[in-house]
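Notes follow the structure.
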Amino acid sequence: MKKARIQLGPQFGLLALGLLGAAAAQAQTNVTIYGIMDAALVVEDGGTAGRTTKITSGAASASRIGFRGTEDLGNGLSAFFTLETGAKIDTGTLDANNTLFNRQAFVGLKGKAGAVALGRQYTPWHNALAQVGDPFSTGYAGSSKNLIADNGANVRSSNTITYVSPNVNGAFFELAYALGEGASSADGRQYGGAIGYARGPLNARLAYNSKNAETPQPGGRRGRNTLLAANYDLKWVKLYGAFNVDKGFNAAPLGNPNNPYGGVKPTPSTDGREVLLGLSAPVPGGTLLASVMHKDDRTAFNQDANAWGVGYLYPLSKRTNLYAAYGHIDNRNGAGYTVANNTESGTGNTGYNLGIRHTF
């Protein structure tokens with residue numbers, strides 16, 4: 001009788017290696033396995049594709065599994081690492097081809113003077129938007145991604161060195177520098193930082209991100225984003241606000257660049273402003289989320305847009321909740337903004353989410 005042979009792809013081998021490595025480190029390091037499983041029924045409408053209905057992984061928060069560890073080195077110094085991969089639980093595949101730990105992969109040291117890390121990491125600009133300025137935390141159909149360019153290099157950068165200062169009476173700052181590692185030192189280079197203050201009911205942050213294209217571009221390759229974000233907790237309602245400035249090439253790439261509304265293809269803005277006002281409030285049974293946004297395109301195309309979103313979160317436990325969300329965009333002068341969620345850019349100007357999110 002012939003023996004059955006099972007062939008496993010390289011991705012399985014890498015994942016198994018990561019699991020074994022984490023288990024081996026358990027004896028020397030405090031290692032935590034964590035993750036989010038999120039899936040939703042998503043309906044999109046208003047684009048040339050017509051109404052689409054699908055199951056989406058990560059409409060609220062991208063589905064993921066990660067390994068996080070620390071080791072006490074003595075004298076107030078510790079080593080730390082994070083390895084985090086994204087998964088599409090609607091299909092069971094990785095959410096980035098040929099990349100295992102696409103979400104985060106870094107190692108560093110932390111002491112009394114602050115923390116330094118090297119690897120693939122979130123930008124300070126994205127952290128300010130997701131953690132401080134957007135009541136939807138860049139997820140659901142009401143996501144700030146609908147009008148604010150929170151994608152690509154604005155979210156994460158590879159080959160990055162970061163520094164986070166100690167927190168002093170609620171104040172801190174963070175810096176990030178990503179080596180482009182191209183043929184020229186300017187190719188793909190990226191840097192940014194943030195100054196934050198969080199004490200009592202107030203949480204505020206000013207963040208900056210500058211990135212170069214991989215190759216020279218007409219009119220310059222550099223794109224810059226400057227964001228002021230804040231929230232204020234009144235207990236019965238938390239108020240949110242954000243103001244963002246985009247300047248230069250690829251500072252505000254369209255979430256869906258594939259001409260979703262037909263006609264003349266929309267043009268990404270190289271000079272724009274976005275304003276967001278929002279809230280989260282406890283309501284019977286759960287939490288209400290809401291926001292309104294305006295995009296002011298200051299180029300000759302004048303492709304402005306207005307957007308609004310509303311959501312409801314219903315907790316089944318501390319780790320599991322159901323959610324429903326709605327988002328709509330009013331595009332002007334051929335603008336091409338689409339209603340997104342945490343993992344998809346969307347295909348039209350209206351979107352609905354109905355899903356479940358579990359953390360572990």
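By order in the structure tokens, chains are A, B, ...; within a chain, residues start at 1; ligands start at 1, following the order shown.
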
Excluding A:Pro282 and residues on its chain fewer than 2 positions from it, collect all residues at most 10 Å away from it, counting only C-alpha atoms, and give them as a list of chain:residue names.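 So the residues in contact are A:Lys235, A:Trp236, A:Val237, A:Lys238, A:Ser280, A:Pro284, A:Gly285, A:Gly286, A:Thr287, A:Leu288, A:Leu289, A:Tyr312, A:Leu313.
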
Near-A:Ser61 list (8 Å; only C-alpha atoms; drop same-chain fewer than 5 positions) as a list in words: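 In the requested format, the answer is Ile36, Asp38, Gly139, Tyr140, Asn342, Thr343 and Arg357 of chain A.
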
Given the choices A:Ala153, A:Val310, A:Ala79, A:Ala141, which gets closest to A:Ala251 if the distance is worked out from only C-alpha atoms?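 The closest residue to A:Ala251 is A:Ala153.
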
Atom CA of A:Ala40 to atom CA of A:Gly309 measures 16.7 Å

Considering only C-alpha atoms, return as a PDB file with N, CA and C atoms, in the first residue's frame whatever protein or nucleic-acid residues lie within 8 Å of stretch 202-209 of chain A, sequence-local ones (same chain, fewer than 4 positions apart) excluded.
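Okay, this is what ended up in around31.pdb:
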```
ATOM      1  N   THR A 123       3.062  54.037  12.074  1.00  0.00           N
ATOM      2  CA  THR A 123       3.585  55.395  12.099  1.00  0.00           C
ATOM      3  C   THR A 123       2.936  56.172  13.246  1.00  0.00           C
ATOM      4  N   PRO A 124       3.633  57.154  13.815  1.00  0.00           N
ATOM      5  CA  PRO A 124       3.020  58.004  14.838  1.00  0.00           C
ATOM      6  C   PRO A 124       1.765  58.714  14.324  1.00  0.00           C
ATOM      7  N   TRP A 125       1.732  59.042  13.041  1.00  0.00           N
ATOM      8  CA  TRP A 125       0.571  59.722  12.457  1.00  0.00           C
ATOM      9  C   TRP A 125      -0.660  58.818  12.511  1.00  0.00           C
ATOM     10  N   ALA A 128      -2.042  58.429  16.038  1.00  0.00           N
ATOM     11  CA  ALA A 128      -2.809  59.591  16.481  1.00  0.00           C
ATOM     12  C   ALA A 128      -4.231  59.549  15.940  1.00  0.00           C
ATOM     13  N   VAL A 132      -6.748  58.449  18.879  1.00  0.00           N
ATOM     14  CA  VAL A 132      -7.179  59.708  19.490  1.00  0.00           C
ATOM     15  C   VAL A 132      -8.294  60.397  18.714  1.00  0.00           C
ATOM     16  N   ASN A 154       1.209  55.544   5.098  1.00  0.00           N
ATOM     17  CA  ASN A 154       0.718  56.367   6.202  1.00  0.00           C
ATOM     18  C   ASN A 154       0.442  55.524   7.449  1.00  0.00           C
ATOM     19  N   GLN A 190      11.208  57.613   4.873  1.00  0.00           N
ATOM     20  CA  GLN A 190      10.034  58.102   5.579  1.00  0.00           C
ATOM     21  C   GLN A 190      10.397  58.468   7.011  1.00  0.00           C
ATOM     22  N   TYR A 191       9.811  59.548   7.502  1.00  0.00           N
ATOM     23  CA  TYR A 191      10.056  59.914   8.892  1.00  0.00           C
ATOM     24  C   TYR A 191       8.856  60.687   9.430  1.00  0.00           C
ATOM     25  N   GLY A 192       8.741  60.720  10.759  1.00  0.00           N
ATOM     26  CA  GLY A 192       7.629  61.435  11.374  1.00  0.00           C
ATOM     27  C   GLY A 192       7.748  61.408  12.877  1.00  0.00           C
ATOM     28  N   GLY A 193       6.735  61.945  13.520  1.00  0.00           N
ATOM     29  CA  GLY A 193       6.740  61.991  14.971  1.00  0.00           C
ATOM     30  C   GLY A 193       5.425  62.513  15.506  1.00  0.00           C
ATOM     31  N   ALA A 194       5.308  62.534  16.811  1.00  0.00           N
ATOM     32  CA  ALA A 194       4.091  63.026  17.446  1.00  0.00           C
ATOM     33  C   ALA A 194       4.408  63.535  18.842  1.00  0.00           C
ATOM     34  N   ILE A 195       3.646  64.530  19.267  1.00  0.00           N
ATOM     35  CA  ILE A 195       3.673  65.032  20.636  1.00  0.00           C
ATOM     36  C   ILE A 195       2.287  64.811  21.212  1.00  0.00           C
ATOM     37  N   GLY A 196       2.204  64.175  22.383  1.00  0.00           N
ATOM     38  CA  GLY A 196       0.909  63.841  22.950  1.00  0.00           C
ATOM     39  C   GLY A 196       0.759  64.291  24.391  1.00  0.00           C
ATOM     40  N   TYR A 197      -0.498  64.460  24.788  1.00  0.00           N
ATOM     41  CA  TYR A 197      -0.824  64.778  26.176  1.00  0.00           C
ATOM     42  C   TYR A 197      -2.135  64.079  26.518  1.00  0.00           C
ATOM     43  N   ALA A 198      -2.102  63.263  27.567  1.00  0.00           N
ATOM     44  CA  ALA A 198      -3.301  62.548  27.999  1.00  0.00           C
ATOM     45  C   ALA A 198      -3.355  62.578  29.514  1.00  0.00           C
ATOM     46  N   ARG A 224       3.447  64.893   2.542  1.00  0.00           N
ATOM     47  CA  ARG A 224       3.453  65.222   3.969  1.00  0.00           C
ATOM     48  C   ARG A 224       2.033  65.246   4.511  1.00  0.00           C
ATOM     49  N   ASN A 225       1.875  64.748   5.726  1.00  0.00           N
ATOM     50  CA  ASN A 225       0.586  64.755   6.419  1.00  0.00           C
ATOM     51  C   ASN A 225       0.797  65.290   7.831  1.00  0.00           C
ATOM     52  N   THR A 226       0.003  66.278   8.203  1.00  0.00           N
ATOM     53  CA  THR A 226       0.063  66.861   9.539  1.00  0.00           C
ATOM     54  C   THR A 226      -1.312  66.770  10.173  1.00  0.00           C
ATOM     55  N   LEU A 227      -1.371  66.174  11.358  1.00  0.00           N
ATOM     56  CA  LEU A 227      -2.658  65.860  11.987  1.00  0.00           C
ATOM     57  C   LEU A 227      -2.701  66.369  13.425  1.00  0.00           C
ATOM     58  N   LEU A 228      -3.776  67.079  13.743  1.00  0.00           N
ATOM     59  CA  LEU A 228      -4.083  67.447  15.124  1.00  0.00           C
ATOM     60  C   LEU A 228      -5.337  66.684  15.524  1.00  0.00           C
ATOM     61  N   ALA A 229      -5.241  65.842  16.550  1.00  0.00           N
ATOM     62  CA  ALA A 229      -6.359  65.002  16.974  1.00  0.00           C
ATOM     63  C   ALA A 229      -6.564  65.144  18.470  1.00  0.00           C
ATOM     64  N   ALA A 230      -7.822  65.040  18.901  1.00  0.00           N
ATOM     65  CA  ALA A 230      -8.118  65.155  20.328  1.00  0.00           C
ATOM     66  C   ALA A 230      -9.450  64.500  20.643  1.00  0.00           C
ATOM     67  N   ASN A 231      -9.612  64.084  21.889  1.00  0.00           N
ATOM     68  CA  ASN A 231     -10.922  63.676  22.394  1.00  0.00           C
ATOM     69  C   ASN A 231     -11.047  64.125  23.841  1.00  0.00           C
ATOM     70  N   TYR A 232     -12.285  64.286  24.274  1.00  0.00           N
ATOM     71  CA  TYR A 232     -12.561  64.776  25.626  1.00  0.00           C
ATOM     72  C   TYR A 232     -13.712  63.980  26.198  1.00  0.00           C
ATOM     73  N   ASP A 233     -13.467  63.354  27.360  1.00  0.00           N
ATOM     74  CA  ASP A 233     -14.437  62.441  27.950  1.00  0.00           C
ATOM     75  C   ASP A 233     -15.288  63.152  29.000  1.00  0.00           C
TER      76      ASP A 233
END
```

Using only C-alpha atoms, the residue out of A:Thr270, A:Gly170, A:Phe360, A:Leu179 with shortest distance to A:Arg64 is A:Phe360

Using only C-alpha atoms, the shortest atom-to-atom distance to A:Asn302 among A:Thr32, A:Arg332, A:Tyr314, A:Leu277 belongs to A:Arg332

Residue contacts of A:His328 (6 Å, only C-alpha atoms) excluding same-chain residues fewer than 2 positions away, as a list of chain:residue names: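 Returned residues: A:Ala307, A:Trp308, A:Asn349, A:Thr350.
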
With all heavy atoms retained, export the selected residues as a PDB file, in the first residue's frame.
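Once written, out02.pdb looks like this:
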```
ATOM      1  N   ALA A 307     -18.818  63.425   4.334  1.00  0.00           N
ATOM      2  CA  ALA A 307     -19.124  62.050   4.732  1.00  0.00           C
ATOM      3  C   ALA A 307     -19.687  62.041   6.143  1.00  0.00           C
ATOM      4  O   ALA A 307     -19.402  62.929   6.950  1.00  0.00           O
ATOM      5  CB  ALA A 307     -17.868  61.177   4.667  1.00  0.00           C
ATOM      6  N   TRP A 308     -20.495  61.014   6.419  1.00  0.00           N
ATOM      7  CA  TRP A 308     -20.965  60.818   7.783  1.00  0.00           C
ATOM      8  C   TRP A 308     -21.177  59.333   8.032  1.00  0.00           C
ATOM      9  O   TRP A 308     -21.359  58.548   7.092  1.00  0.00           O
ATOM     10  CB  TRP A 308     -22.242  61.616   8.059  1.00  0.00           C
ATOM     11  CG  TRP A 308     -23.461  61.195   7.282  1.00  0.00           C
ATOM     12  CD1 TRP A 308     -23.797  61.565   6.011  1.00  0.00           C
ATOM     13  CD2 TRP A 308     -24.512  60.343   7.742  1.00  0.00           C
ATOM     14  NE1 TRP A 308     -24.978  60.992   5.647  1.00  0.00           N
ATOM     15  CE2 TRP A 308     -25.452  60.249   6.683  1.00  0.00           C
ATOM     16  CE3 TRP A 308     -24.761  59.664   8.923  1.00  0.00           C
ATOM     17  CZ2 TRP A 308     -26.611  59.480   6.787  1.00  0.00           C
ATOM     18  CZ3 TRP A 308     -25.908  58.905   9.025  1.00  0.00           C
ATOM     19  CH2 TRP A 308     -26.824  58.825   7.965  1.00  0.00           C
ATOM     20  N   ASN A 349     -20.565  54.854  -2.707  1.00  0.00           N
ATOM     21  CA  ASN A 349     -20.653  55.957  -1.748  1.00  0.00           C
ATOM     22  C   ASN A 349     -21.524  55.632  -0.533  1.00  0.00           C
ATOM     23  O   ASN A 349     -21.768  56.500   0.303  1.00  0.00           O
ATOM     24  CB  ASN A 349     -21.178  57.218  -2.442  1.00  0.00           C
ATOM     25  CG  ASN A 349     -22.629  57.080  -2.894  1.00  0.00           C
ATOM     26  OD1 ASN A 349     -23.176  55.974  -2.942  1.00  0.00           O
ATOM     27  ND2 ASN A 349     -23.242  58.190  -3.224  1.00  0.00           N
ATOM     28  N   THR A 350     -21.995  54.374  -0.429  1.00  0.00           N
ATOM     29  CA  THR A 350     -22.811  53.950   0.706  1.00  0.00           C
ATOM     30  C   THR A 350     -22.365  52.562   1.152  1.00  0.00           C
ATOM     31  O   THR A 350     -22.075  51.697   0.322  1.00  0.00           O
ATOM     32  CB  THR A 350     -24.302  53.911   0.333  1.00  0.00           C
ATOM     33  OG1 THR A 350     -24.708  55.211  -0.114  1.00  0.00           O
ATOM     34  CG2 THR A 350     -25.157  53.517   1.526  1.00  0.00           C
TER      35      THR A 350
END
```

Residues near A:Leu83, anyone? I mean within 10 Å using only C-alpha atoms, not counting same-chain ones fewer than 3 positions away, as a list in words.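 My reading of the contact set: Gly18, Ala22, Ile33, Ile65, Gly66, Phe67, Arg68, Gly69, Leu100, Phe101, Asn102, Arg103, Gln104, Ala105, Phe106, Val107, Gly119 and Arg120 of chain A.
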
Write out the residues from the selection above, keeping all heavy atoms, as a CSV table (one decimal), in the first residue's frame.
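File produced: part.csv:
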```csv
chain,number,residue,atom,x,y,z
A,18,GLY,N,7.2,30.0,13.7
A,18,GLY,CA,6.9,31.1,14.6
A,18,GLY,C,6.3,30.6,15.9
A,18,GLY,O,6.6,31.0,17.0
A,22,ALA,N,7.9,30.8,19.6
A,22,ALA,CA,7.3,31.4,20.8
A,22,ALA,C,7.2,30.5,21.9
A,22,ALA,O,7.4,30.9,23.1
A,22,ALA,CB,5.9,31.8,20.3
A,33,ILE,N,0.2,35.3,23.5
A,33,ILE,CA,-0.4,35.1,22.2
A,33,ILE,C,-1.7,35.8,22.2
A,33,ILE,O,-2.5,35.6,23.1
A,33,ILE,CB,-0.6,33.6,21.9
A,33,ILE,CG1,0.7,32.8,21.9
A,33,ILE,CG2,-1.3,33.4,20.5
A,33,ILE,CD1,0.6,31.3,21.7
A,65,ILE,N,-3.4,37.4,14.4
A,65,ILE,CA,-2.8,36.7,15.5
A,65,ILE,C,-1.4,37.2,15.7
A,65,ILE,O,-0.7,37.5,14.7
A,65,ILE,CB,-2.9,35.2,15.3
A,65,ILE,CG1,-2.4,34.4,16.5
A,65,ILE,CG2,-2.1,34.8,14.0
A,65,ILE,CD1,-2.6,32.9,16.5
A,66,GLY,N,-1.0,37.4,17.0
A,66,GLY,CA,0.3,37.9,17.2
A,66,GLY,C,0.9,37.3,18.4
A,66,GLY,O,0.3,36.6,19.3
A,67,PHE,N,2.2,37.5,18.5
A,67,PHE,CA,3.1,37.1,19.6
A,67,PHE,C,3.8,38.3,20.2
A,67,PHE,O,4.5,39.0,19.5
A,67,PHE,CB,4.1,36.0,19.2
A,67,PHE,CG,3.5,34.9,18.4
A,67,PHE,CD1,3.4,35.0,17.0
A,67,PHE,CD2,3.0,33.8,19.0
A,67,PHE,CE1,2.8,33.9,16.3
A,67,PHE,CE2,2.4,32.7,18.3
A,67,PHE,CZ,2.3,32.8,17.0
A,68,ARG,N,3.6,38.5,21.5
A,68,ARG,CA,4.2,39.7,22.1
A,68,ARG,C,5.0,39.2,23.4
A,68,ARG,O,4.5,38.4,24.2
A,68,ARG,CB,3.2,40.7,22.5
A,68,ARG,CG,3.6,41.9,23.2
A,68,ARG,CD,2.5,42.8,23.6
A,68,ARG,NE,1.6,43.2,22.5
A,68,ARG,CZ,0.3,43.0,22.4
A,68,ARG,NH1,-0.3,42.3,23.4
A,68,ARG,NH2,-0.3,43.5,21.4
A,69,GLY,N,6.2,39.6,23.5
A,69,GLY,CA,7.0,39.2,24.6
A,69,GLY,C,7.9,40.2,25.2
A,69,GLY,O,8.3,41.2,24.6
A,100,LEU,N,4.5,37.0,5.9
A,100,LEU,CA,3.9,36.4,7.1
A,100,LEU,C,3.5,37.4,8.1
A,100,LEU,O,2.3,37.6,8.4
A,100,LEU,CB,4.8,35.3,7.7
A,100,LEU,CG,4.3,34.5,8.9
A,100,LEU,CD1,3.0,33.8,8.5
A,100,LEU,CD2,5.3,33.5,9.4
A,101,PHE,N,4.5,38.1,8.7
A,101,PHE,CA,4.2,39.1,9.7
A,101,PHE,C,4.1,40.5,9.1
A,101,PHE,O,4.9,41.4,9.4
A,101,PHE,CB,5.3,39.0,10.8
A,101,PHE,CG,5.3,37.7,11.5
A,101,PHE,CD1,6.4,36.8,11.4
A,101,PHE,CD2,4.3,37.3,12.3
A,101,PHE,CE1,6.4,35.6,12.0
A,101,PHE,CE2,4.3,36.1,13.0
A,101,PHE,CZ,5.3,35.2,12.8
A,102,ASN,N,3.1,40.7,8.3
A,102,ASN,CA,2.9,41.9,7.5
A,102,ASN,C,2.4,43.1,8.4
A,102,ASN,O,2.6,44.2,8.0
A,102,ASN,CB,1.9,41.7,6.4
A,102,ASN,CG,0.5,41.3,6.9
A,102,ASN,OD1,0.3,40.3,7.6
A,102,ASN,ND2,-0.5,42.1,6.6
A,103,ARG,N,1.8,42.8,9.5
A,103,ARG,CA,1.2,43.9,10.3
A,103,ARG,C,2.2,44.5,11.2
A,103,ARG,O,2.4,45.7,11.2
A,103,ARG,CB,0.0,43.3,11.2
A,103,ARG,CG,-1.2,42.9,10.3
A,103,ARG,CD,-2.3,42.5,11.2
A,103,ARG,NE,-2.7,43.6,12.1
A,103,ARG,CZ,-3.5,44.6,11.7
A,103,ARG,NH1,-4.0,44.7,10.4
A,103,ARG,NH2,-3.8,45.6,12.5
A,104,GLN,N,3.0,43.7,12.0
A,104,GLN,CA,4.0,44.3,12.8
A,104,GLN,C,5.1,43.2,13.0
A,104,GLN,O,4.8,42.0,13.1
A,104,GLN,CB,3.5,44.7,14.2
A,104,GLN,CG,2.4,45.8,14.2
A,104,GLN,CD,2.1,46.1,15.7
A,104,GLN,OE1,2.7,46.9,16.3
A,104,GLN,NE2,1.0,45.6,16.2
A,105,ALA,N,6.3,43.7,13.0
A,105,ALA,CA,7.5,42.8,13.3
A,105,ALA,C,8.6,43.6,13.8
A,105,ALA,O,9.3,44.3,13.0
A,105,ALA,CB,7.9,42.0,12.0
A,106,PHE,N,8.9,43.7,15.1
A,106,PHE,CA,9.9,44.5,15.6
A,106,PHE,C,10.5,44.0,16.9
A,106,PHE,O,9.8,43.2,17.6
A,106,PHE,CB,9.4,46.0,15.8
A,106,PHE,CG,8.3,46.1,16.8
A,106,PHE,CD1,8.5,46.2,18.1
A,106,PHE,CD2,7.0,46.2,16.3
A,106,PHE,CE1,7.4,46.4,19.0
A,106,PHE,CE2,5.9,46.4,17.1
A,106,PHE,CZ,6.1,46.5,18.5
A,107,VAL,N,11.6,44.5,17.3
A,107,VAL,CA,12.3,44.1,18.6
A,107,VAL,C,12.9,45.4,19.1
A,107,VAL,O,13.3,46.3,18.4
A,107,VAL,CB,13.4,43.0,18.3
A,107,VAL,CG1,14.5,43.5,17.5
A,107,VAL,CG2,13.9,42.5,19.7
A,119,GLY,N,12.2,47.6,13.2
A,119,GLY,CA,11.4,46.7,12.4
A,119,GLY,C,10.3,47.4,11.7
A,119,GLY,O,10.3,48.6,11.4
A,120,ARG,N,9.2,46.6,11.4
A,120,ARG,CA,8.0,47.1,10.7
A,120,ARG,C,7.0,47.5,11.8
A,120,ARG,O,6.6,46.7,12.6
A,120,ARG,CB,7.4,46.0,9.9
A,120,ARG,CG,6.1,46.4,9.1
A,120,ARG,CD,5.8,45.4,8.0
A,120,ARG,NE,4.5,45.7,7.4
A,120,ARG,CZ,4.3,46.7,6.5
A,120,ARG,NH1,5.3,47.4,6.1
A,120,ARG,NH2,3.1,46.9,6.0
```

Identify which of the residues A:Ala324, A:Val275, A:Leu175, A:Val168 lies closest to A:Tyr122, counting only C-alpha atoms when measuring atom-to-atom distances.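 When distances to A:Tyr122 are compared using only C-alpha atoms, the smallest one comes from A:Leu175.
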
Write out as a ChimeraX atom specification the residues lying within 10 Å of A:Thr347, counting only C-alpha atoms and excluding same-chain residues fewer than 5 positions away. /A:43-52,255-256,258-261,336-340
